[in-house]
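Below is model.txt, holding compact mmCIF, C-alpha atoms.
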# COMPACT_ATOMS: atom_id res chain seq x y z
CA MET A 229 0.00 0.00 0.00
CA PRO A 230 1.40 3.44 -0.87
CA TYR A 231 2.18 5.85 1.97
CA VAL A 232 4.09 9.07 2.52
CA GLU A 233 5.76 9.95 5.79
CA ARG A 234 6.12 13.74 5.97
CA GLU A 235 6.50 13.62 9.75
CA LYS A 236 8.38 10.87 11.52
CA GLY A 237 5.97 8.14 12.53
CA VAL A 238 2.95 9.62 10.71
CA ARG A 239 2.21 7.69 7.54
CA VAL A 240 -0.46 9.02 5.21
CA HIS A 241 -2.16 6.44 3.03
CA TYR A 242 -3.25 7.11 -0.54
CA ASN A 243 -4.35 5.24 -3.64
CA HIS A 244 -4.10 6.37 -7.22
CA TYR A 245 -5.67 5.10 -10.40
CA GLY A 246 -5.55 5.85 -14.11
CA GLN A 247 -3.72 8.37 -16.26
CA GLY A 248 -4.45 11.86 -17.45
CA PHE A 249 -4.92 15.18 -15.70
CA PRO A 250 -4.64 14.68 -11.92
CA LEU A 251 -7.76 14.87 -9.72
CA VAL A 252 -7.15 14.76 -5.97
CA PHE A 253 -10.04 13.53 -3.81
CA LEU A 254 -10.10 14.71 -0.19
CA HIS A 255 -12.66 13.22 2.21
CA GLY A 256 -14.16 14.80 5.30
CA PHE A 257 -14.17 14.29 9.07
CA SER A 258 -14.72 10.62 10.03
CA ALA A 259 -14.75 9.42 6.40
CA ASN A 260 -12.12 7.60 4.34
CA ALA A 261 -11.28 6.61 0.78
CA TRP A 262 -14.62 4.82 0.33
CA LEU A 263 -16.33 8.22 0.14
CA TRP A 264 -15.07 8.44 -3.46
CA ALA A 265 -16.16 4.95 -4.54
CA TYR A 266 -18.40 6.44 -7.25
CA GLN A 267 -15.68 8.75 -8.57
CA ALA A 268 -12.12 7.34 -8.59
CA PRO A 269 -12.86 3.94 -10.22
CA ILE A 270 -15.26 5.46 -12.74
CA LEU A 271 -13.17 8.46 -13.76
CA ALA A 272 -9.80 6.67 -13.81
CA HIS A 273 -10.32 5.74 -17.46
CA LYS A 274 -9.79 9.41 -18.30
CA TYR A 275 -7.93 11.05 -15.39
CA HIS A 276 -5.23 10.31 -12.83
CA CYS A 277 -7.36 9.94 -9.68
CA ILE A 278 -5.57 10.29 -6.34
CA VAL A 279 -7.50 9.49 -3.15
CA ILE A 280 -5.79 10.58 0.09
CA GLU A 281 -6.82 9.43 3.56
CA ALA A 282 -6.21 12.17 6.13
CA ARG A 283 -4.15 11.40 9.21
CA GLY A 284 -6.36 9.76 11.81
CA HIS A 285 -8.61 8.26 9.16
CA GLY A 286 -8.78 5.00 7.24
CA LEU A 287 -5.39 3.33 6.81
CA SER A 288 -3.35 6.43 7.72
CA SER A 289 -1.52 6.75 11.05
CA LYS A 290 -3.48 7.92 14.06
CA PRO A 291 -1.18 10.10 16.19
CA LEU A 292 -2.32 11.48 19.53
CA THR A 293 -2.15 15.09 18.31
CA GLY A 294 -1.48 17.12 15.17
CA TYR A 295 -4.93 17.34 13.60
CA SER A 296 -4.80 20.88 12.26
CA ILE A 297 -6.08 21.52 8.76
CA GLN A 298 -2.64 22.98 7.99
CA ASP A 299 -0.94 19.67 8.84
CA MET A 300 -3.45 17.72 6.78
CA ALA A 301 -2.91 20.03 3.79
CA ALA A 302 0.86 19.60 4.14
CA ASP A 303 0.35 15.82 4.15
CA ASP A 304 -1.74 16.09 0.98
CA ALA A 305 0.94 18.20 -0.72
CA ALA A 306 3.56 15.59 0.28
CA VAL A 307 1.53 12.90 -1.51
CA LEU A 308 1.52 14.97 -4.70
CA ALA A 309 5.29 15.47 -4.38
CA ALA A 310 5.78 11.71 -3.96
CA LEU A 311 3.80 11.11 -7.17
CA GLY A 312 5.65 13.83 -9.07
CA ILE A 313 2.44 15.82 -9.60
CA ASP A 314 2.97 19.56 -9.98
CA ARG A 315 -0.61 20.64 -10.78
CA ALA A 316 -4.00 19.14 -9.97
CA ILE A 317 -7.67 19.88 -9.41
CA LEU A 318 -8.69 19.34 -5.80
CA VAL A 319 -12.08 17.81 -5.00
CA GLY A 320 -12.90 18.16 -1.31
CA ASN A 321 -15.98 17.32 0.72
CA SER A 322 -16.51 19.04 4.10
CA MET A 323 -13.16 18.83 5.96
CA GLY A 324 -11.72 17.83 2.58
CA GLY A 325 -12.85 21.20 1.24
CA MET A 326 -10.95 22.81 4.11
CA ARG A 327 -7.86 20.82 3.15
CA ALA A 328 -8.28 22.04 -0.45
CA MET A 329 -8.62 25.68 0.58
CA GLN A 330 -5.56 25.42 2.84
CA MET A 331 -3.55 23.84 0.04
CA SER A 332 -4.65 26.68 -2.24
CA LEU A 333 -3.14 29.12 0.25
CA ASP A 334 0.01 27.21 1.24
CA TYR A 335 0.84 25.47 -2.06
CA PRO A 336 -0.90 27.60 -4.71
CA HIS A 337 1.35 26.36 -7.52
CA LEU A 338 -0.06 22.83 -7.08
CA VAL A 339 -3.72 23.83 -7.44
CA ALA A 340 -5.33 24.27 -10.86
CA GLY A 341 -8.80 24.58 -9.34
CA ASN A 342 -11.07 23.56 -6.49
CA ILE A 343 -14.39 21.79 -6.27
CA ILE A 344 -15.56 22.35 -2.71
CA ILE A 345 -18.55 20.30 -1.58
CA SER A 346 -20.42 21.31 1.56
CA SER A 347 -17.58 22.93 3.47
CA ALA A 348 -17.01 25.97 5.68
CA THR A 349 -14.55 27.92 7.74
CA ASN A 350 -15.03 28.89 11.39
CA LEU A 351 -17.69 26.25 12.03
CA GLN A 352 -17.93 27.52 15.60
CA GLN A 353 -20.30 30.14 14.21
CA THR A 354 -22.88 27.45 13.44
CA LEU A 355 -22.19 24.90 16.19
CA ASP A 356 -20.78 25.34 19.69
CA THR A 357 -17.50 23.37 19.86
CA ALA A 358 -17.56 22.83 23.62
CA GLU A 359 -21.14 21.55 23.42
CA LEU A 360 -20.23 19.21 20.55
CA ILE A 361 -17.22 17.78 22.42
CA ALA A 362 -19.37 17.27 25.52
CA SER A 363 -22.01 15.43 23.47
CA PHE A 364 -19.38 13.04 22.12
CA GLN A 365 -17.95 12.46 25.58
CA ASN A 366 -21.39 11.81 27.09
CA ASP A 367 -22.82 9.48 24.44
CA TYR A 368 -20.53 8.96 21.47
CA GLU A 369 -22.87 6.77 19.42
CA ALA A 370 -25.86 9.08 19.86
CA ALA A 371 -23.75 12.12 18.92
CA ALA A 372 -22.43 10.32 15.82
CA GLU A 373 -25.97 9.28 14.83
CA ASN A 374 -27.17 12.87 15.19
CA LEU A 375 -24.29 14.26 13.13
CA VAL A 376 -24.79 11.70 10.35
CA THR A 377 -28.57 12.31 10.24
CA ARG A 378 -27.89 16.03 9.75
CA CYS A 379 -25.77 15.20 6.71
CA PHE A 380 -28.43 13.78 4.40
CA SER A 381 -31.52 14.96 2.59
CA ALA A 382 -34.89 13.40 3.38
CA LYS A 383 -34.86 11.79 -0.08
CA THR A 384 -31.49 10.14 0.57
CA ARG A 385 -32.52 8.91 4.02
CA ASN A 386 -35.73 7.41 2.62
CA GLU A 387 -34.55 6.02 -0.70
CA ARG A 388 -30.85 5.26 -0.12
CA PRO A 389 -30.45 4.24 3.53
CA GLU A 390 -27.29 2.28 2.62
CA VAL A 391 -25.52 5.60 2.01
CA CYS A 392 -26.38 6.81 5.51
CA GLN A 393 -25.34 3.45 6.97
CA MET A 394 -21.94 3.63 5.26
CA ILE A 395 -21.18 7.06 6.72
CA LYS A 396 -22.48 6.10 10.16
CA HIS A 397 -20.45 2.91 10.38
CA ASN A 398 -17.31 4.63 9.12
CA PHE A 399 -17.80 7.04 12.01
CA LEU A 400 -18.20 4.22 14.54
CA ASN A 401 -15.37 2.05 13.19
CA GLU A 402 -12.75 2.22 15.96
CA GLY A 403 -10.07 0.78 13.67
CA GLY A 404 -10.54 3.35 10.93
CA PHE A 405 -11.58 6.34 13.04
CA PRO A 406 -10.91 5.98 16.79
CA ARG A 407 -12.92 8.06 19.24
CA ARG A 408 -9.76 9.71 20.50
CA VAL A 409 -9.09 10.95 16.94
CA ALA A 410 -12.59 12.43 16.69
CA LEU A 411 -12.03 14.36 19.91
CA ALA A 412 -8.48 15.39 18.95
CA CYS A 413 -9.80 16.82 15.65
CA LEU A 414 -12.47 18.77 17.51
CA GLU A 415 -10.10 20.03 20.21
CA ASP A 416 -7.24 21.13 17.94
CA PRO A 417 -7.21 24.97 17.76
CA ASN A 418 -6.80 24.69 13.98
CA GLY A 419 -8.81 21.49 13.61
CA VAL A 420 -11.99 20.95 11.65
CA TRP A 421 -14.31 22.88 13.98
CA GLN A 422 -12.01 25.76 14.92
CA TRP A 423 -10.06 26.35 11.70
CA ASP A 424 -10.74 29.90 10.54
CA ILE A 425 -9.38 31.48 7.36
CA SER A 426 -12.23 34.00 6.98
CA ASP A 427 -9.77 36.86 6.50
CA ARG A 428 -7.72 34.95 3.92
CA LEU A 429 -10.41 33.65 1.58
CA GLN A 430 -9.76 36.47 -0.87
CA GLU A 431 -6.24 35.06 -1.34
CA ILE A 432 -7.65 31.91 -2.97
CA THR A 433 -7.41 32.90 -6.62
CA GLN A 434 -7.74 29.48 -8.27
CA PRO A 435 -11.01 28.72 -10.13
CA THR A 436 -13.40 27.47 -7.46
CA LEU A 437 -16.82 25.84 -7.62
CA VAL A 438 -18.74 25.58 -4.33
CA LEU A 439 -21.49 22.96 -4.22
CA VAL A 440 -23.92 22.60 -1.31
CA GLY A 441 -27.10 20.68 -0.74
CA GLU A 442 -30.20 22.67 0.13
CA GLU A 443 -30.84 20.25 3.03
CA ASP A 444 -27.29 20.19 4.41
CA GLN A 445 -27.55 20.74 8.16
CA ALA A 446 -23.87 20.01 8.87
CA THR A 447 -22.37 22.86 6.83
CA PRO A 448 -25.46 24.84 5.84
CA VAL A 449 -26.00 26.87 2.70
CA ALA A 450 -25.10 30.11 4.49
CA ALA A 451 -21.65 28.77 5.43
CA ASN A 452 -20.96 27.80 1.82
CA ARG A 453 -22.29 31.09 0.50
CA PHE A 454 -19.84 32.83 2.85
CA LEU A 455 -16.99 30.99 1.09
CA ALA A 456 -18.26 31.69 -2.43
CA GLU A 457 -18.80 35.40 -1.76
CA ARG A 458 -15.24 35.87 -0.49
CA ILE A 459 -13.22 33.63 -2.82
CA PRO A 460 -12.65 35.74 -5.95
CA ARG A 461 -14.85 34.66 -8.88
CA ALA A 462 -16.04 31.52 -7.09
CA GLU A 463 -19.32 30.03 -8.29
CA LEU A 464 -21.96 28.74 -5.84
CA ARG A 465 -24.53 26.09 -6.74
CA VAL A 466 -27.26 25.14 -4.27
CA LEU A 467 -28.65 21.67 -4.97
CA LYS A 468 -32.20 20.50 -4.33
CA GLU A 469 -32.85 17.20 -2.49
CA VAL A 470 -29.18 16.93 -1.53
CA GLY A 471 -27.58 17.12 1.90
CA HIS A 472 -23.89 17.10 2.84
CA CYS A 473 -22.51 14.48 0.42
CA TYR A 474 -23.47 15.30 -3.17
CA GLU A 475 -20.86 12.85 -4.51
CA ILE A 476 -22.62 9.82 -2.98
CA GLU A 477 -26.20 11.13 -2.83
CA ARG A 478 -26.32 11.93 -6.58
CA PRO A 479 -23.04 10.49 -7.92
CA LEU A 480 -23.71 10.45 -11.67
CA GLU A 481 -24.94 14.03 -11.63
CA PHE A 482 -21.94 15.07 -9.53
CA ASN A 483 -19.52 13.32 -11.89
CA GLN A 484 -20.94 15.25 -14.82
CA VAL A 485 -20.43 18.54 -12.95
CA LEU A 486 -16.89 17.48 -12.08
CA GLU A 487 -16.02 16.58 -15.68
CA GLU A 488 -17.39 19.90 -16.95
CA PHE A 489 -15.17 21.73 -14.44
CA VAL A 490 -12.12 19.67 -15.45
CA ALA A 491 -12.78 20.38 -19.13
CA GLN A 492 -12.57 24.10 -18.33
CA HIS A 493 -9.69 24.13 -15.87
CA GLY A 494 -7.79 20.84 -16.16
CA HIS A 495 -4.74 22.10 -17.98
Could you render the structure as structure tokens?
Amino acid sequence: MPYVEREKGVRVHYNHYGQGFPLVFLHGFSANAWLWAYQAPILAHKYHCIVIEARGHGLSSKPLTGYSIQDMAADDAAVLAALGIDRAILVGNSMGGMRAMQMSLDYPHLVAGNIIISSATNLQQTLDTAELIASFQNDYEAAAENLVTRCFSAKTRNERPEVCQMIKHNFLNEGGFPRRVALACLEDPNGVWQWDISDRLQEITQPTLVLVGEEDQATPVAANRFLAERIPRAELRVLKEVGHCYEIERPLEFNQVLEEFVAQHGH
């Protein structure tokens, strides 16, 4: 299995498939490479698809600390360096969108464009971090269930319960996403819930498409609109009957949007 070790003892797992212009797929908090099961295998006939599992997730190392978005973005850049990739389109869902935005700031030469799906900065504005941490400490499974339920549209919950089950069980899989990692991500001052680049969004000059489901209760439309209004020339699309995970709720439709973006900016 391919890994990079940017920091001693922290190995970041990735897979890559196909040839062509590079697309880098970045999953969110609690997820792993399976989030992109409808993208990487399908699009690899045409593009070089790289799927990176963030530290603490999937098959990557799970250190006690070091869960800032900045560290995750540096890990992602190290994977591209290991593959000899000097320019790619980043496709990030939720925390993966944060990783993409941070890479756009810290490694702008690597980023040809961003597709940001249901993401945000300064999530503390929409959800109290201390209250969230307390809910996980008090009843981890109930808190995970609540968070996952908030991620999906009513249509997805009713018609595609297997999608919700996949995300829920990824969250509760101690081997792939230990509880201590969940709490470490939440507690890190630059981790998923506290990371704040509000005053730097205007520095992201790469072509950016922001996609958000109308029924997303995890990173609501307003949080995504905030990004699109501050990233120069970013486009916002609000999607009906979609929640937090467009790429698995409506995968064929999402793939078409992705390929249209790559046709414009994948060079």
>> Which polymer residues, whether protein, DNA or RNA, lie within 7 Å of the coordinate (-8.1, 12.5, -11.9) when you count all atoms listed in the file? List them as a PyMOL selection string, using the chain letters and numbers from the file.
In response: chain A and resi 248-252+271-272+275-278
> By how many Å are atom CA of Ala302 of chain A and atom CA of Pro479 of chain A apart?
Replying inline: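 Distance reported for this atom pair: 28.3 Å.
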> atom CA of Ala412 of chain A and atom CA of Arg234 of chain A, how far apart in Å?
Replying inline: 19.6 Å
> Got a sec: who's within 10 Å of Gln267 of chain A, counting only C-alpha atoms, leaving out chain neighbours fewer than 3 positions off, as a ChimeraX atom specification?
Replying inline: /A:253,262-264,270-272,277,279,475-476,479-480,482-483,486
>> I need every residue sitting at most 10 Å from the point (-8.8, 22.2, 19.4) (coordinates as in the file, all atoms listed in the file considered), written as a PyMOL selection string.
In response: chain A and resi 293-296+357-358+361+411-423
> How far is it from atom CA of His255 of chain A to atom CA of Asn321 of chain A, in Å with one decimal?
Replying inline: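 That distance, rounded to one decimal, is 5.5 Å.
Distance check against Leu437 of chain A using only C-alpha atoms: of A:Arg407, A:His493, A:Arg385, A:Arg315, the minimum falls on A:His493.
With all atoms listed in the file as the basis for measurement, A:Gly256 is the residue among A:Pro269, A:Pro406, A:Gly256, A:Gly284 that approaches Arg327 of chain A most closely.
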>> Measuring between only C-alpha atoms, which one of A:Glu390, A:Glu402, A:Glu431, A:Asp444 shows the shortest distance to Asp334 of chain A?
In response: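 Once distances to Asp334 of chain A are computed over only C-alpha atoms, the minimum belongs to A:Glu431.
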>> Measuring between only C-alpha atoms, which one of A:Ala456, A:Ile343, A:Ala306, A:Met229 shows the shortest distance to Gly320 of chain A?
In response: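 So, comparing all the options, the nearest one is A:Ile343.
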>> I'd like to know which of A:Leu318, A:Leu338, A:Val438, A:Met394 is closest to Asn260 of chain A, using all atoms listed in the file.
In response: A:Met394
>> Set the distance at 12 Å and use all atoms listed in the file: which residues neighbour Leu439 of chain A once local chain neighbours fewer than 6 positions away are removed? I'd like the list as a PyMOL selection string.
In response: chain A and resi 319-322+325+342-348+447-453+455-456+462-468+470-475+482+485-486
>> So, with only C-alpha atoms as the atoms that count, which of A:Val307, A:Arg283, A:Pro435, A:Asn243 lies closest to Ala265 of chain A?
In response: A:Asn243
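Shell of Leu429 of chain A at 7 Å, with only C-alpha atoms counted and residues fewer than 3 places along the chain excluded, is A:Ile425, A:Ser426, A:Ile432, A:Arg458, A:Ile459.
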